[in-house]
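Okay, query-v3.pdb now, which holds PDB, C-alpha atoms and all ligand atoms:
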```pdb
ATOM      1  CA  MET D   1     -13.403  16.149  -5.647
ATOM      2  CA  SER D   2     -10.645  17.247  -7.953
ATOM      3  CA  GLN D   3      -7.472  15.589  -9.037
ATOM      4  CA  TYR D   4      -4.556  16.404  -6.761
ATOM      5  CA  ILE D   5      -1.717  14.215  -8.022
ATOM      6  CA  GLU D   6      -1.224  12.864 -11.495
ATOM      7  CA  CYS D   7       1.853  10.820 -12.400
ATOM      8  CA  LYS D   8       2.110  10.141 -16.104
ATOM      9  CA  ASP D   9       4.511   7.640 -17.649
ATOM     10  CA  VAL D  10       7.060   8.198 -14.881
ATOM     11  CA  VAL D  11      10.419   6.499 -15.377
ATOM     12  CA  LYS D  12      13.212   6.347 -12.814
ATOM     13  CA  ILE D  13      16.484   4.594 -13.511
ATOM     14  CA  TYR D  14      19.245   4.315 -10.900
ATOM     15  CA  LYS D  15      22.781   3.949 -12.204
ATOM     16  CA  THR D  16      25.344   2.546  -9.798
ATOM     17  CA  GLY D  17      28.739   1.213 -10.857
ATOM     18  CA  GLY D  18      27.699   0.780 -14.469
ATOM     19  CA  ILE D  19      24.583  -1.161 -13.461
ATOM     20  CA  GLU D  20      21.176   0.263 -14.299
ATOM     21  CA  THR D  21      18.112  -0.482 -12.199
ATOM     22  CA  ILE D  22      14.742   0.525 -13.563
ATOM     23  CA  ALA D  23      12.865   1.473 -10.396
ATOM     24  CA  LEU D  24       9.817   2.983 -12.132
ATOM     25  CA  ARG D  25       8.909   1.890 -15.634
ATOM     26  CA  GLY D  26       6.212   4.131 -17.065
ATOM     27  CA  LEU D  27       4.146   4.505 -13.927
ATOM     28  CA  ASP D  28       0.687   6.119 -14.080
ATOM     29  CA  LEU D  29      -1.169   7.199 -10.955
ATOM     30  CA  VAL D  30      -4.022   9.589 -10.160
ATOM     31  CA  ILE D  31      -4.916  10.615  -6.607
ATOM     32  CA  GLN D  32      -7.868  12.869  -5.797
ATOM     33  CA  GLU D  33      -7.692  15.874  -3.522
ATOM     34  CA  GLY D  34      -8.295  14.792   0.075
ATOM     35  CA  GLU D  35      -7.913  11.104  -0.716
ATOM     36  CA  PHE D  36      -6.336   8.610   1.680
ATOM     37  CA  ARG D  37      -4.414   6.121  -0.474
ATOM     38  CA  ALA D  38      -2.289   3.156   0.503
ATOM     39  CA  ILE D  39       0.411   1.734  -1.741
ATOM     40  CA  VAL D  40       1.423  -1.875  -1.241
ATOM     41  CA  GLY D  41       3.725  -4.186  -3.152
ATOM     42  CA  PRO D  42       6.791  -6.386  -2.871
ATOM     43  CA  SER D  43      10.202  -5.167  -1.767
ATOM     44  CA  GLY D  44      12.000  -3.429  -4.611
ATOM     45  CA  SER D  45       8.818  -2.692  -6.584
ATOM     46  CA  GLY D  46       9.525   1.063  -6.429
ATOM     47  CA  LYS D  47       7.267   2.307  -3.615
ATOM     48  CA  THR D  48       9.886   4.469  -1.872
ATOM     49  CA  THR D  49      11.148   5.768  -5.203
ATOM     50  CA  LEU D  50       7.609   6.849  -6.121
ATOM     51  CA  LEU D  51       7.043   8.554  -2.765
ATOM     52  CA  ASN D  52      10.390  10.381  -2.993
ATOM     53  CA  ILE D  53       9.478  11.669  -6.443
ATOM     54  CA  ILE D  54       6.000  12.828  -5.381
ATOM     55  CA  GLY D  55       7.621  14.462  -2.317
ATOM     56  CA  GLY D  56      10.096  16.393  -4.444
ATOM     57  CA  MET D  57      13.081  14.596  -2.901
ATOM     58  CA  ASP D  58      14.064  12.938  -6.162
ATOM     59  CA  LYS D  59      13.509  13.646  -9.863
ATOM     60  CA  PRO D  60      12.295  11.152 -12.446
ATOM     61  CA  ASP D  61      14.214  10.503 -15.687
ATOM     62  CA  ALA D  62      11.047  10.813 -17.751
ATOM     63  CA  GLY D  63       7.354  11.531 -17.339
ATOM     64  CA  THR D  64       5.396  14.213 -15.520
ATOM     65  CA  VAL D  65       4.301  14.564 -11.904
ATOM     66  CA  ILE D  66       1.492  17.083 -11.547
ATOM     67  CA  VAL D  67       0.721  18.154  -7.988
ATOM     68  CA  ASP D  68      -2.079  20.649  -7.465
ATOM     69  CA  GLY D  69      -1.916  21.684 -11.111
ATOM     70  CA  GLU D  70       1.862  22.146 -11.348
ATOM     71  CA  ASP D  71       4.476  19.839 -12.881
ATOM     72  CA  ILE D  72       6.961  19.491 -10.021
ATOM     73  CA  THR D  73       9.518  17.801 -12.279
ATOM     74  CA  LYS D  74      10.024  21.232 -13.853
ATOM     75  CA  TYR D  75      10.834  22.877 -10.497
ATOM     76  CA  ASN D  76      14.330  24.222  -9.845
ATOM     77  CA  GLU D  77      16.127  23.529  -6.531
ATOM     78  CA  ASN D  78      14.629  26.575  -4.781
ATOM     79  CA  GLN D  79      11.098  25.724  -5.849
ATOM     80  CA  LEU D  80      11.611  22.109  -4.788
ATOM     81  CA  HIS D  81      12.866  23.209  -1.385
ATOM     82  CA  GLU D  82       9.837  25.425  -0.863
ATOM     83  CA  TYR D  83       7.541  22.638  -2.066
ATOM     84  CA  ARG D  84       9.042  20.204   0.452
ATOM     85  CA  VAL D  85       8.812  22.621   3.383
ATOM     86  CA  LYS D  86       5.360  24.105   2.760
ATOM     87  CA  ARG D  87       3.357  21.618   0.792
ATOM     88  CA  VAL D  88       4.466  18.168   1.944
ATOM     89  CA  GLY D  89       4.682  16.484   5.329
ATOM     90  CA  PHE D  90       6.861  13.376   5.512
ATOM     91  CA  VAL D  91       6.599  10.464   7.928
ATOM     92  CA  PHE D  92       9.275   7.772   7.753
ATOM     93  CA  GLN D  93       9.793   4.280   9.104
ATOM     94  CA  PHE D  94      12.518   5.322  11.563
ATOM     95  CA  PHE D  95      10.677   8.308  13.079
ATOM     96  CA  ASN D  96      13.436  10.789  12.020
ATOM     97  CA  LEU D  97      13.358  12.960  15.113
ATOM     98  CA  ILE D  98      16.265  15.006  16.444
ATOM     99  CA  PRO D  99      17.378  13.078  19.559
ATOM    100  CA  THR D 100      18.713  16.112  21.447
ATOM    101  CA  LEU D 101      15.473  18.090  21.103
ATOM    102  CA  THR D 102      12.293  17.548  23.106
ATOM    103  CA  ALA D 103       9.048  16.486  21.428
ATOM    104  CA  VAL D 104       7.713  20.030  21.342
ATOM    105  CA  GLU D 105      11.005  21.395  19.967
ATOM    106  CA  ASN D 106      10.977  18.754  17.237
ATOM    107  CA  VAL D 107       7.492  19.848  16.195
ATOM    108  CA  GLU D 108       8.546  23.511  16.222
ATOM    109  CA  LEU D 109      11.485  22.897  13.897
ATOM    110  CA  PRO D 110       9.635  22.979  10.533
ATOM    111  CA  MET D 111       7.897  26.178  11.636
ATOM    112  CA  ILE D 112      11.283  27.787  12.390
ATOM    113  CA  LEU D 113      12.205  27.080   8.756
ATOM    114  CA  LEU D 114       9.195  29.172   7.750
ATOM    115  CA  GLY D 115      10.056  31.949  10.221
ATOM    116  CA  LYS D 116       6.946  31.593  12.409
ATOM    117  CA  PRO D 117       7.067  33.692  15.606
ATOM    118  CA  ARG D 118       8.105  31.829  18.756
ATOM    119  CA  GLU D 119       4.776  32.118  20.613
ATOM    120  CA  GLU D 120       2.722  30.956  17.660
ATOM    121  CA  ARG D 121       5.143  28.088  17.045
ATOM    122  CA  ARG D 122       4.968  26.792  20.598
ATOM    123  CA  LYS D 123       1.187  27.081  20.741
ATOM    124  CA  ARG D 124       0.689  25.109  17.530
ATOM    125  CA  ALA D 125       3.283  22.474  18.502
ATOM    126  CA  VAL D 126       1.570  21.865  21.843
ATOM    127  CA  GLU D 127      -1.841  21.663  20.142
ATOM    128  CA  LEU D 128      -0.570  19.137  17.603
ATOM    129  CA  LEU D 129       1.078  16.995  20.287
ATOM    130  CA  ARG D 130      -2.170  17.053  22.212
ATOM    131  CA  ARG D 131      -4.031  15.974  19.082
ATOM    132  CA  VAL D 132      -1.762  12.942  18.562
ATOM    133  CA  GLY D 133      -2.255  11.970  22.212
ATOM    134  CA  LEU D 134       0.990  13.245  23.732
ATOM    135  CA  GLY D 135      -0.196  16.324  25.623
ATOM    136  CA  ASP D 136       1.476  15.090  28.791
ATOM    137  CA  LYS D 137       4.842  14.222  27.208
ATOM    138  CA  ILE D 138       5.741  17.356  25.255
ATOM    139  CA  ASN D 139       9.042  17.848  27.104
ATOM    140  CA  ARG D 140      10.340  14.318  26.621
ATOM    141  CA  LYS D 141      13.208  13.622  24.253
ATOM    142  CA  PRO D 142      12.715  10.914  21.596
ATOM    143  CA  GLY D 143      14.828   8.442  23.620
ATOM    144  CA  GLU D 144      12.368   8.824  26.500
ATOM    145  CA  LEU D 145       9.397   7.829  24.357
ATOM    146  CA  SER D 146       8.181   4.465  23.034
ATOM    147  CA  GLY D 147       8.311   3.700  19.295
ATOM    148  CA  GLY D 148       4.606   4.403  18.881
ATOM    149  CA  GLU D 149       4.941   7.675  20.774
ATOM    150  CA  GLN D 150       7.945   8.704  18.685
ATOM    151  CA  GLN D 151       5.937   8.054  15.535
ATOM    152  CA  ARG D 152       3.127  10.231  16.947
ATOM    153  CA  VAL D 153       5.646  13.038  17.433
ATOM    154  CA  ALA D 154       6.877  12.480  13.866
ATOM    155  CA  ILE D 155       3.284  12.804  12.609
ATOM    156  CA  ALA D 156       2.910  16.074  14.538
ATOM    157  CA  VAL D 157       6.175  17.264  12.917
ATOM    158  CA  ALA D 158       4.786  16.383   9.483
ATOM    159  CA  LEU D 159       1.623  18.386  10.233
ATOM    160  CA  ALA D 160       3.484  21.396  11.689
ATOM    161  CA  ASN D 161       3.354  23.617   8.610
ATOM    162  CA  ASP D 162      -0.148  22.420   7.740
ATOM    163  CA  PRO D 163       0.815  20.913   4.356
ATOM    164  CA  PRO D 164      -2.042  19.687   2.143
ATOM    165  CA  LEU D 165      -0.133  16.470   1.357
ATOM    166  CA  ILE D 166       1.173  13.860   3.812
ATOM    167  CA  LEU D 167       3.512  11.110   2.593
ATOM    168  CA  ALA D 168       4.332   8.205   4.879
ATOM    169  CA  ASP D 169       6.832   5.470   3.978
ATOM    170  CA  GLU D 170       6.328   2.320   6.083
ATOM    171  CA  PRO D 171       5.259   4.394   9.123
ATOM    172  CA  THR D 172       4.393   1.239  11.057
ATOM    173  CA  GLY D 173       7.385  -0.819   9.915
ATOM    174  CA  GLU D 174       9.188  -0.533  13.255
ATOM    175  CA  LEU D 175       6.111  -0.997  15.430
ATOM    176  CA  ASP D 176       4.388  -4.076  16.814
ATOM    177  CA  THR D 177       1.019  -4.998  15.297
ATOM    178  CA  ALA D 178      -1.187  -3.304  17.905
ATOM    179  CA  THR D 179       0.844  -0.065  17.945
ATOM    180  CA  GLY D 180       0.997  -0.079  14.149
ATOM    181  CA  ARG D 181      -2.792  -0.257  13.986
ATOM    182  CA  GLN D 182      -3.114   2.677  16.388
ATOM    183  CA  ILE D 183      -0.859   4.733  14.140
ATOM    184  CA  ALA D 184      -2.877   3.712  11.062
ATOM    185  CA  LEU D 185      -6.057   4.697  12.911
ATOM    186  CA  LEU D 186      -4.502   8.071  13.782
ATOM    187  CA  PHE D 187      -3.819   8.672  10.070
ATOM    188  CA  LYS D 188      -7.434   7.795   9.321
ATOM    189  CA  GLU D 189      -8.750  10.186  11.989
ATOM    190  CA  LEU D 190      -6.443  13.001  10.879
ATOM    191  CA  HIS D 191      -7.543  12.425   7.315
ATOM    192  CA  ARG D 192     -11.177  12.785   8.296
ATOM    193  CA  GLU D 193     -10.589  15.868  10.469
ATOM    194  CA  MET D 194      -8.080  17.790   8.399
ATOM    195  CA  ASN D 195      -9.029  16.877   4.835
ATOM    196  CA  LYS D 196      -5.430  16.194   3.796
ATOM    197  CA  THR D 197      -4.338  14.065   0.875
ATOM    198  CA  ILE D 198      -2.489  11.159   2.463
ATOM    199  CA  ILE D 199      -0.357   8.498   0.786
ATOM    200  CA  ILE D 200       0.895   5.705   2.961
ATOM    201  CA  VAL D 201       3.315   3.044   1.745
ATOM    202  CA  THR D 202       3.154  -0.231   3.614
ATOM    203  CA  HIS D 203       3.843  -3.900   3.023
ATOM    204  CA  ASP D 204       1.211  -4.722   5.641
ATOM    205  CA  LEU D 205      -2.220  -5.239   4.099
ATOM    206  CA  SER D 206      -3.985  -4.829   7.453
ATOM    207  CA  ILE D 207      -2.500  -1.315   7.651
ATOM    208  CA  ALA D 208      -3.435  -0.560   4.031
ATOM    209  CA  MET D 209      -7.049  -1.442   4.860
ATOM    210  CA  TYR D 210      -7.379   1.831   6.797
ATOM    211  CA  ALA D 211      -7.043   3.803   3.541
ATOM    212  CA  GLU D 212      -9.878   4.662   1.136
ATOM    213  CA  ARG D 213      -8.201   2.962  -1.771
ATOM    214  CA  ILE D 214      -5.277   0.594  -2.102
ATOM    215  CA  SER D 215      -2.872   0.505  -5.046
ATOM    216  CA  ARG D 216      -0.570  -2.412  -5.667
ATOM    217  CA  MET D 217       2.843  -1.827  -7.205
ATOM    218  CA  GLU D 218       4.775  -4.483  -9.059
ATOM    219  CA  ASP D 219       8.007  -4.035 -10.915
ATOM    220  CA  GLY D 220       7.887  -0.229 -11.137
ATOM    221  CA  LYS D 221       4.214   0.139 -12.039
ATOM    222  CA  ILE D 222       0.814   0.391 -10.386
ATOM    223  CA  VAL D 223      -0.916  -2.826 -11.388
ATOM    224  CA  MET D 224      -4.174  -2.566  -9.455
ATOM    225  CA  THR D 225      -6.191  -0.030  -7.455
ATOM    226  CA  VAL D 226      -9.107  -1.243  -5.326
ATOM    227  CA  SER D 227     -11.214  -0.321  -2.312
ATOM    228  CA  PRO D 228     -10.572  -2.135   0.988
ATOM    229  CA  ALA D 229     -13.785  -4.138   0.417
ATOM    230  CA  GLU D 230     -12.586  -5.251  -2.995
ATOM    231  CA  MET D 231      -9.188  -6.069  -1.512
ATOM    232  CA  ASP D 232     -10.952  -8.207   1.079
ATOM    233  CA  ALA D 233     -12.658 -10.227  -1.621
ATOM    234  CA  TYR D 234      -9.376 -10.515  -3.499
ATOM    235  CA  VAL D 235      -7.525 -11.770  -0.441
ATOM    236  CA  LEU D 236     -10.338 -14.176   0.451
ATOM    237  CA  ALA D 237     -10.431 -15.578  -3.079
ATOM    238  CA  PRO D 238      -7.766 -18.273  -2.499
ATOM    239  CA  SER D 239      -9.697 -19.892   0.353
ATOM    240  CA  ARG D 240     -12.908 -19.802  -1.690
ATOM    241  CA  THR D 241     -11.038 -21.359  -4.587
ATOM    242  CA  GLU D 242      -9.804 -24.149  -2.314
ATOM    243  CA  GLU D 243     -13.365 -24.847  -1.224
ATOM    244  CA  ILE D 244     -14.619 -25.063  -4.803
ATOM    245  CA  VAL D 245     -11.721 -27.294  -5.864
ATOM    246  CA  ALA D 246     -12.380 -29.630  -2.922
ATOM    247  CA  LYS D 247     -16.064 -29.954  -3.910
ATOM    248  CA  LEU D 248     -15.239 -30.602  -7.557
ATOM    249  CA  GLU D 249     -12.690 -33.243  -6.606
ATOM    250  CA  ALA D 250     -15.172 -34.994  -4.335
ATOM    251  CA  ARG D 251     -17.715 -35.016  -7.188
ATOM    252  CA  LYS D 252     -15.052 -36.375  -9.538
ATOM    253  CA  ARG D 253     -14.324 -39.291  -7.153
ATOM    254  CA  GLU D 254     -18.063 -40.069  -6.950
ATOM    255  CA  ILE D 255     -18.339 -40.253 -10.736
ATOM    256  CA  GLU D 256     -15.199 -42.399 -10.983
ATOM    257  CA  ASN D 257     -16.651 -44.805  -8.422
ATOM    258  CA  GLU D 258     -19.923 -44.855 -10.325
ATOM    259  CA  ILE D 259     -18.034 -45.803 -13.495
ATOM    260  CA  LYS D 260     -16.262 -48.639 -11.630
ATOM    261  CA  ARG D 261     -19.606 -49.821 -10.293
ATOM    262  CA  ILE D 262     -21.274 -50.075 -13.729
ATOM    263  CA  GLU D 263     -18.155 -51.776 -15.135
ATOM    264  CA  ASN D 264     -18.493 -54.447 -12.433
ATOM    265  CA  GLU D 265     -22.250 -54.740 -13.016
ATOM    266  CA  PHE D 266     -21.645 -55.206 -16.738
ATOM    267  CA  LYS D 267     -18.877 -57.792 -16.143
ATOM    268  CA  SER D 268     -21.080 -59.783 -13.800
ATOM    269  CA  GLY D 269     -24.021 -59.620 -16.226
ATOM    270  CA  ILE D 270     -26.281 -57.449 -14.056
ATOM    271  CA  ILE D 271     -26.665 -54.818 -16.814
ATOM    272  CA  SER D 272     -26.693 -55.196 -20.570
ATOM    273  CA  ALA D 273     -23.980 -53.946 -22.923
ATOM    274  CA  ASP D 274     -26.357 -51.252 -24.226
ATOM    275  CA  THR D 275     -27.167 -49.962 -20.734
ATOM    276  CA  PHE D 276     -23.506 -50.050 -19.815
ATOM    277  CA  VAL D 277     -22.375 -48.103 -22.910
ATOM    278  CA  SER D 278     -25.014 -45.371 -22.581
ATOM    279  CA  LYS D 279     -24.368 -44.939 -18.853
ATOM    280  CA  TYR D 280     -20.632 -45.060 -19.395
ATOM    281  CA  ILE D 281     -20.739 -42.303 -22.038
ATOM    282  CA  GLU D 282     -22.975 -40.162 -19.847
ATOM    283  CA  LEU D 283     -20.655 -40.477 -16.834
ATOM    284  CA  LYS D 284     -17.546 -39.838 -18.927
ATOM    285  CA  ASN D 285     -19.136 -36.608 -20.186
ATOM    286  CA  ILE D 286     -19.848 -35.459 -16.642
ATOM    287  CA  LEU D 287     -16.268 -36.306 -15.700
ATOM    288  CA  ALA D 288     -14.911 -34.271 -18.614
ATOM    289  CA  ARG D 289     -16.988 -31.250 -17.551
ATOM    290  CA  ILE D 290     -15.741 -31.511 -13.959
ATOM    291  CA  GLU D 291     -12.172 -31.697 -15.196
ATOM    292  CA  GLU D 292     -12.726 -28.605 -17.347
ATOM    293  CA  GLU D 293     -14.004 -26.739 -14.260
ATOM    294  CA  LEU D 294     -11.092 -27.948 -12.174
ATOM    295  CA  LYS D 295      -8.600 -26.710 -14.751
ATOM    296  CA  LYS D 296     -10.031 -23.187 -14.416
ATOM    297  CA  TYR D 297      -9.294 -23.136 -10.702
ATOM    298  CA  THR D 298      -5.998 -24.947 -10.607
ATOM    299  CA  LEU D 299      -4.312 -22.988 -13.392
ATOM    300  CA  THR D 300      -4.335 -19.749 -11.394
TER     301      THR D 300
HETATM  302  N1  LIG S 401      19.736   4.947  -4.593
HETATM  303  C1  LIG S 401      19.594   3.850  -5.328
HETATM  304  N2  LIG S 401      20.560   3.428  -6.157
HETATM  305  C2  LIG S 401      20.409   2.322  -6.907
HETATM  306  N3  LIG S 401      19.305   1.569  -6.931
HETATM  307  C3  LIG S 401      18.296   1.934  -6.124
HETATM  308  C4  LIG S 401      18.381   3.089  -5.282
HETATM  309  N4  LIG S 401      17.221   3.202  -4.580
HETATM  310  C5  LIG S 401      16.454   2.169  -4.982
HETATM  311  N5  LIG S 401      17.089   1.412  -5.905
HETATM  312  C6  LIG S 401      16.544   0.220  -6.593
HETATM  313  O1  LIG S 401      15.309   0.594  -7.206
HETATM  314  C7  LIG S 401      14.323  -0.421  -7.032
HETATM  315  C8  LIG S 401      13.121   0.158  -6.299
HETATM  316  O2  LIG S 401      13.521   0.485  -4.970
HETATM  317  P1  LIG S 401      12.539   1.088  -3.878
HETATM  318  O3  LIG S 401      13.364   1.458  -2.709
HETATM  319  O4  LIG S 401      11.734   2.149  -4.509
HETATM  320  O5  LIG S 401      11.611  -0.168  -3.572
HETATM  321  P2  LIG S 401      10.504  -0.369  -2.434
HETATM  322  O6  LIG S 401       9.273  -0.830  -3.121
HETATM  323  O7  LIG S 401      10.413   0.848  -1.592
HETATM  324  O8  LIG S 401      11.105  -1.576  -1.576
HETATM  325  P3  LIG S 401      10.984  -1.875   0.003
HETATM  326  O9  LIG S 401       9.618  -2.483   0.214
HETATM  327  O10 LIG S 401      12.071  -2.910   0.237
HETATM  328  O11 LIG S 401      11.229  -0.610   0.749
HETATM  329  C9  LIG S 401      15.032  -1.557  -6.313
HETATM  330  O12 LIG S 401      15.448  -2.471  -7.283
HETATM  331  C10 LIG S 401      16.188  -0.888  -5.637
HETATM  332  O13 LIG S 401      17.264  -1.796  -5.499
HETATM  333 MG    MG S 402      10.807   1.262   0.439
END
```
Target format structure tokens, applied to this file:
Amino acid sequence: MSQYIECKDVVKIYKTGGIETIALRGLDLVIQEGEFRAIVGPSGSGKTTLLNIIGGMDKPDAGTVIVDGEDITKYNENQLHEYRVKRVGFVFQFFNLIPTLTAVENVELPMILLGKPREERRKRAVELLRRVGLGDKINRKPGELSGGEQQRVAIAVALANDPPLILADEPTGELDTATGRQIALLFKELHREMNKTIIIVTHDLSIAMYAERISRMEDGKIVMTVSPAEMDAYVLAPSRTEEIVAKLEARKREIENEIKRIENEFKSGIISADTFVSKYIELKNILARIEEELKKYTLT
């Protein structure tokens, strides 16, 4: 596998009405050829900005964005246009279909931009619609399709010119959970079949889990990249922590009760001062160690 995308020290600053917003602050990212990557992170962390820059829809203020060996930040408008039409397929949250065109006409549109002959266009559009499960609805207009179906058409549109790179920004954001999962599964299947590099931005971790690796963005940077299995462990960690804390606290109460018990025994003359002091010191030491342990878990 070779490196397909490399973002190095990418900075993007938006200036509106004298106010500057740093959307990307020195972002580094490497994605391998044919990789399926999810990007998650809080609202405003820069996910859309990053996708727009990788897709050639926006330019960074600093840094380099290498795609397939070329720095796309150096492209002029014509080169960027060609890059967007031939080398990238976009899928958005709000489906972005032309409402007056049928499904099959929507899928043909990007091929018209490349001057593909009519017959060839239609054949490929029908094949792609079949592949996304809409073979029987090719003549429906977007308004006559469900949200999930519209997103399937949008995915077929993105695949029309057979671009090596697919970028999807919150493609399940408008869909219910079950439909969203079907769309995520479709991306996974297409990835396996077509060997495309796919980047999907989502705030939904259950959608991100369909990818091969998951990157988390915070405040204009990638702060973590893990596999779904590692993400699982990471997400489960809080409940495990709770369990450990509960056990430590129970043990702490036992020791405290034990201390009370020997205090009473000493007061009522059942044990000697020597026995009391040695036991007391021993129990206090155990208590201190438990409290040390507890601090580790409760500070996070
Ligand atoms: N066109 C713009 N002009 C000014 N500021 C912008 C513009 N687009 C984005 N920003 C700001 O840049 C930052 C990153 O925005 P971006 O849209 O990339 O975040 P995001 O991670 O996609 O968020 P969300 O999850 O809400 O879609 C935010 O602070 C946002 O307000
Ligand atoms: Mg966004």
(request) Throw together the list of residues within 10 Å of ligand LIG 401 (chain S), counting all atoms listed in the file, and drop it here as a ChimeraX atom specification. (result) /D:12-17,19-24,39-53,58,93,169-170,173,201-203,217-220
(request) Rank D:Lys137, D:Val223, D:Phe92, D:Met57 by their smallest atom-to-atom distance to ligand MG 402 (chain S), using all atoms listed in the file, and report the top residue only. (result)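 That would be D:Phe92, the residue with the smallest distance to ligand MG 402 (chain S).
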(request) Might you spell out which residues the PyMOL selection byres (((chain D and resi 154) around 8) and not hetatm) would select in the displayed file, as number ranges by chain? (result) D: 91, 95-97, 107, 150-153, 155-158
(message) So that I can check the surroundings of Phe90 (chain D), please list as a PyMOL selection string every protein, DNA and RNA residue that reaches within 6 Å of it, counting all atoms listed in the file and ignoring chain neighbours fewer than 4 positions away.
(response) chain D and resi 158+166-168
May I have the selected residues written with C-alpha atoms, as a CSV table (one decimal), in the frame of the given file?
```csv
chain,number,residue,atom,x,y,z
D,158,ALA,CA,4.8,16.4,9.5
D,166,ILE,CA,1.2,13.9,3.8
D,167,LEU,CA,3.5,11.1,2.6
D,168,ALA,CA,4.3,8.2,4.9
```
(request) Excluding region 286-288 of chain D and any residue of its chain fewer than 2 positions from it, enumerate the residues within 8 Å of it, using only C-alpha atoms, and give them as a list in words. (result)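 Contacts, with the query itself left out: Lys252, Ile255, Glu256, Glu282, Leu283, Lys284, Ile290, Glu291 and Glu292 of chain D.
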Same residues, C-alpha atoms, saved as a tab-separated table (two decimals), keeping the file's coordinate frame:
```
chain	number	residue	atom	x	y	z
D	252	LYS	CA	-15.05	-36.38	-9.54
D	255	ILE	CA	-18.34	-40.25	-10.74
D	256	GLU	CA	-15.20	-42.40	-10.98
D	282	GLU	CA	-22.98	-40.16	-19.85
D	283	LEU	CA	-20.66	-40.48	-16.83
D	284	LYS	CA	-17.55	-39.84	-18.93
D	290	ILE	CA	-15.74	-31.51	-13.96
D	291	GLU	CA	-12.17	-31.70	-15.20
D	292	GLU	CA	-12.73	-28.60	-17.35
```
(request) Considering all atoms listed in the file, state which residue in the set D:Thr177, D:Ser215, D:Thr241, D:Thr73 is at the smallest distance from Leu294 (chain D). (result)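 Closest to Leu294 (chain D), using all atoms listed in the file: D:Thr241.
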(request) Have a look at D:Glu189, D:Phe266, D:Lys116, D:Phe94 and name the one nearest to ligand MG 402 (chain S); count only C-alpha atoms and all ligand atoms. (result) D:Phe94
(message) Rounded to one decimal, what separation in Å do you get between CA of Asn161 (chain D) and CA of Ser146 (chain D)?
(response)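 Here the two named atoms are 24.5 Å from each other.
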(message) What's around Gln32 (chain D) at 8 Å? Count all atoms listed in the file, leave out sequence neighbours fewer than 4 positions away in its own chain, and write the answer as number ranges by chain.
(response) D: 1-5, 197
(request) Measure the distance from CA of Leu186 (chain D) to CA of Ile112 (chain D) in Å and round it to one decimal. (result)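 The value is 25.3 Å.
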(request) Using the chain letters and residue numbers of this document, give as a list in words the residues selected by the PyMOL selection byres (((chain D and resi 129) around 9) and not hetatm). (result) Ala103, Val104, Val107, Arg124, Ala125, Val126, Glu127, Leu128, Arg130, Arg131, Val132, Gly133, Leu134, Gly135, Asp136, Lys137, Ile138, Arg152, Val153, Ala156 and Val157 of chain D
(request) Quick one: pull the distance between CA of Ile262 (chain D) and CA of Lys296 (chain D), Å, one decimal. (result) 29.2 Å
(request) Pick out the closest residue to ligand MG 402 (chain S) from this set: D:Ile72, D:Ile200, D:Ala233, D:Val11. Count all atoms listed in the file. (result)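 Smallest distance to ligand MG 402 (chain S) is found for D:Ile200.
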(request) Would you please work out which residue, of D:Glu293, D:Glu105, D:Thr225, D:Asn264, is nearest to Ile244 (chain D) when using only C-alpha atoms? (result)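 Using only C-alpha atoms, Ile244 (chain D) sits closest to D:Glu293.
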How big is the axis-aligned box around all listed atoms of region 183-186 of chain D once 3 Å goes on each side, and where's its centre, in Å to one decimal, as AutoDock Vina command-line options?
```
--center_x -3.5 --center_y 5.9 --center_z 12.6 --size_x 11.2 --size_y 10.4 --size_z 9.1
```
(request) List, as a list in words, every residue that the PyMOL selection byres (((chain D and resi 99) around 10) and not hetatm) selects in the file provided. (result)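 Evaluating the PyMOL selection byres (((chain D and resi 99) around 10) and not hetatm) on this file yields Asn96, Leu97, Ile98, Thr100, Leu101, Thr102, Ala103, Asn106, Lys141, Pro142, Gly143 and Glu144 of chain D.
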Let's have the selection written as a compact mmCIF listing (two decimals), in the coordinates of the input, with C-alpha atoms.
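Saved as result_39.txt:
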```txt
# COMPACT_ATOMS: atom_id res chain seq x y z
CA ASN D 96 13.44 10.79 12.02
CA LEU D 97 13.36 12.96 15.11
CA ILE D 98 16.26 15.01 16.44
CA THR D 100 18.71 16.11 21.45
CA LEU D 101 15.47 18.09 21.10
CA THR D 102 12.29 17.55 23.11
CA ALA D 103 9.05 16.49 21.43
CA ASN D 106 10.98 18.75 17.24
CA LYS D 141 13.21 13.62 24.25
CA PRO D 142 12.72 10.91 21.60
CA GLY D 143 14.83 8.44 23.62
CA GLU D 144 12.37 8.82 26.50
```
(request) Between D:Met111, D:Pro60, D:Pro171, D:Tyr83, single out the one closest to ligand MG 402 (chain S), counting all atoms listed in the file. (result)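 Smallest distance to ligand MG 402 (chain S) is found for D:Pro171.
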(message) Would you pick out the contacts of Val85 (chain D) at 9 Å or less, using only C-alpha atoms, so that residues sharing its chain but fewer than 2 positions from it are not included, and give the list as a ChimeraX atom specification?
(response) /D:80-83,87-89,110,113-114,161,163
